[in-house]
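Enquirer: Submitted below is the structure of interest, expressed as structure tokens.
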Amino acid sequence: MIDSPVSALPFESQINLILEWATSKVSKFVCVANTHMLVEAYWHPEFATVLKNADLVTPDGMPLVWMLRLLGARTQNRVAGIDILLSLCKLAPLKDVSIFFLGSESPILEKMRERLTRDFPDLKIAGMEPLPFRPLTRAEDEALIERIHHSGAGIVLVALGCPKQEYWMQHHQDKIRAVTIGLGGAFPVYAGEQKRAPHWLRFGGGEWLYRLLQEPLRLSRRYGQTIPVFTLLALKQILLCYLSKSQG
């Protein structure tokens, strides 16, 4: 989609695949894509390479879901970050898979721990660790990798924000024997720091407006730049696809 890969698999299939990898302790990384991420990849070739190297690129936003359906994946549903988090926390104990929560801030992680203990009492939390805003030194990074390995985690949920978390996951591909998943926006929502849009608004494609009303200063420029670009590029791709089918 607009020159980046997006995995056309139903939500349940993607979750099952992640758990299969986690059980086998293989090194994989998953990007949770919305329109902003795809436009960033369109603008920045080095970031586009990250998405092309990812093992899964899930369609988070409804515009991506609608586009996939128009391009032929008729039964595609949404694979959103917060839903991935909830589903993995529910199903991971059944596979004896533990989860490491990496990034965000200590107060958010503590609120998440309290809620996770209530909502998913059987979940094995392998660790919770914030990261500094500065890049880690080589020694710090090696120590972090060792702590993750020692924890026995099969899944590492990474919350550093886009595109920092995606670059981090690619850099640690084959260094961490677990499935890393970029879920930056899901941590504060689950911790109760931010509210999630109502169900009808999410599946009507209006979640971006709900988030904009909560964080106008941070998101107004982003949405103003990326939404029109994605819309034009998506319409162009869909039109070319249908013209190609009609001609042959």
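Chain labels A, B, ... are given in the sequence in which chains occur in the structure tokens; within each chain residues are numbered consecutively from 1, and ligands are likewise numbered from 1 in the order shown.
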Among segment 161-220 of chain A, which residues carry a DSSP assignment of strand (DSSP E or B), reported as a ChimeraX atom specification?
Expert: /A:179-182
Enquirer: Filtering to C-alpha atoms, could you give me those residues as a tab-separated table (two decimals), in the first residue's frame?
Expert:
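What ended up in out-v3.tsv:
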```tsv
chain	number	residue	atom	x	y	z
A	179	VAL	CA	8.86	-11.25	18.95
A	180	THR	CA	9.13	-7.48	19.28
A	181	ILE	CA	5.99	-5.43	18.57
A	182	GLY	CA	5.81	-1.62	18.36
```
Enquirer: Would you pick out the contacts of Glu20 of chain A at 12 Å or less, using only C-alpha atoms, so that residues sharing its chain but fewer than 5 positions from it are not included, and give the list as a list in words?
Expert: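 After dropping sequence-adjacent residues, the list is Ser13, Gln14, Ile15, Lys25, Val26, Ser27, Lys28, Leu88, Leu91, Ala92, Leu94, Lys95, Asp96, Val97, Gly154, Ile155, Ala178 and Val179 of chain A.
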Enquirer: Within 12 Å of Val79 of chain A, counting only C-alpha atoms, which residues show up once you throw out same-chain ones fewer than 2 positions away? Write them as a ChimeraX atom specification, please.
Expert: /A:6-15,30-34,56-62,64-65,76-77,81-87,183,203
Enquirer: Determine the nearest neighbour of Ile18 of chain A from the options A:Leu157, A:Leu232, A:Leu201, A:Leu213, counting only C-alpha atoms.
Expert: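 Once distances to Ile18 of chain A are computed over only C-alpha atoms, the minimum belongs to A:Leu157.
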Enquirer: Neighbours of segment 119-129 of chain A within 7 Å (only C-alpha atoms; same-chain residues fewer than 2 positions away dropped), as an MDAnalysis selection string?
Expert: chainID A and resid 89:90 92:93 98:103 109 115:117 131 151:153
Enquirer: Save the residues we just selected, C-alpha atoms, as a short mmCIF file (atom, residue, chain, number, x, y, z; two decimals), in the first residue's frame?
Expert:
```
data_model
loop_
_atom_site.label_atom_id
_atom_site.label_comp_id
_atom_site.auth_asym_id
_atom_site.auth_seq_id
_atom_site.Cartn_x
_atom_site.Cartn_y
_atom_site.Cartn_z
CA CYS A 89 -2.16 -10.75 27.40
CA LYS A 90 -5.21 -13.02 27.37
CA ALA A 92 -0.07 -15.79 26.12
CA PRO A 93 -0.59 -17.70 29.41
CA SER A 98 5.73 -14.34 29.07
CA ILE A 99 5.68 -10.70 27.96
CA PHE A 100 8.27 -7.96 28.51
CA PHE A 101 7.02 -4.34 28.45
CA LEU A 102 9.73 -1.98 27.23
CA GLY A 103 9.70 1.82 26.92
CA LEU A 109 4.23 1.10 33.39
CA ARG A 115 -4.37 -3.19 35.73
CA LEU A 116 -2.72 -6.22 34.13
CA THR A 117 -2.66 -7.96 37.52
CA LEU A 131 14.12 3.65 28.38
CA SER A 151 13.68 -12.89 31.64
CA GLY A 152 12.63 -15.67 29.27
CA ALA A 153 10.21 -13.38 27.42
#
```
Enquirer: Tell me which protein, DNA and RNA residues are within 8 Å of Ile108 of chain A, counting only C-alpha atoms, leaving out same-chain ones fewer than 3 positions away, and put them as a list in words.
Expert: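 The filter keeps Ser104, Glu105, Lys111, Met112, Phe187, Pro188, Ala191 and Glu193 of chain A.
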Enquirer: Could you write those residues out with N, CA and C atoms, as a PDB file, in the first residue's frame?
Expert:
```
ATOM      1  N   SER A 104       8.139   3.635  27.179  1.00  0.00           N
ATOM      2  CA  SER A 104       7.173   4.482  27.864  1.00  0.00           C
ATOM      3  C   SER A 104       7.827   5.115  29.092  1.00  0.00           C
ATOM      4  N   GLU A 105       7.056   5.351  30.159  1.00  0.00           N
ATOM      5  CA  GLU A 105       7.555   5.986  31.373  1.00  0.00           C
ATOM      6  C   GLU A 105       7.170   5.146  32.584  1.00  0.00           C
ATOM      7  N   LYS A 111       1.057   1.810  36.353  1.00  0.00           N
ATOM      8  CA  LYS A 111      -0.399   1.736  36.204  1.00  0.00           C
ATOM      9  C   LYS A 111      -0.797   0.535  35.354  1.00  0.00           C
ATOM     10  N   MET A 112       0.009   0.246  34.334  1.00  0.00           N
ATOM     11  CA  MET A 112      -0.262  -0.938  33.515  1.00  0.00           C
ATOM     12  C   MET A 112      -0.118  -2.213  34.338  1.00  0.00           C
ATOM     13  N   PHE A 187       0.166   1.808  25.223  1.00  0.00           N
ATOM     14  CA  PHE A 187       0.513   1.812  26.648  1.00  0.00           C
ATOM     15  C   PHE A 187      -0.273   2.866  27.431  1.00  0.00           C
ATOM     16  N   PRO A 188      -0.253   4.145  27.031  1.00  0.00           N
ATOM     17  CA  PRO A 188      -1.000   5.146  27.809  1.00  0.00           C
ATOM     18  C   PRO A 188      -2.505   4.920  27.782  1.00  0.00           C
ATOM     19  N   ALA A 191      -3.113   2.167  30.297  1.00  0.00           N
ATOM     20  CA  ALA A 191      -2.844   2.687  31.639  1.00  0.00           C
ATOM     21  C   ALA A 191      -3.903   3.666  32.113  1.00  0.00           C
ATOM     22  N   GLU A 193      -4.251   6.739  30.885  1.00  0.00           N
ATOM     23  CA  GLU A 193      -3.787   8.110  30.703  1.00  0.00           C
ATOM     24  C   GLU A 193      -4.486   8.790  29.529  1.00  0.00           C
TER      25      GLU A 193
END
```
Enquirer: Which one of A:Glu166, A:Gln194, A:Trp21, A:Ser106 sits closest to Lys52 of chain A if you count only C-alpha atoms?
Expert: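 Among A:Glu166, A:Gln194, A:Trp21, A:Ser106, it is A:Glu166 that comes nearest to Lys52 of chain A.
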Enquirer: Find the distance between atom CA of Asp3 of chain A and atom CA of Leu233 of chain A and write it in Å to one decimal.
Expert: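 Atom-to-atom, atom CA of Asp3 of chain A to atom CA of Leu233 of chain A, that is 9.7 Å.
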Enquirer: Within segment 18-73 of chain A, find each residue whose DSSP state, derived from the backbone, is helix (DSSP H, G or I), and express the selection as an MDAnalysis selection string.
Expert: chainID A and resid 18:24 35:43 45:53 62:70
Enquirer: For the atom pair atom CA of Ile145 of chain A and atom CA of Ile176 of chain A, what is the interatomic distance in Å to one decimal place?
Expert: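 If I compute the distance from atom CA of Ile145 of chain A to atom CA of Ile176 of chain A, I get 6.4 Å.
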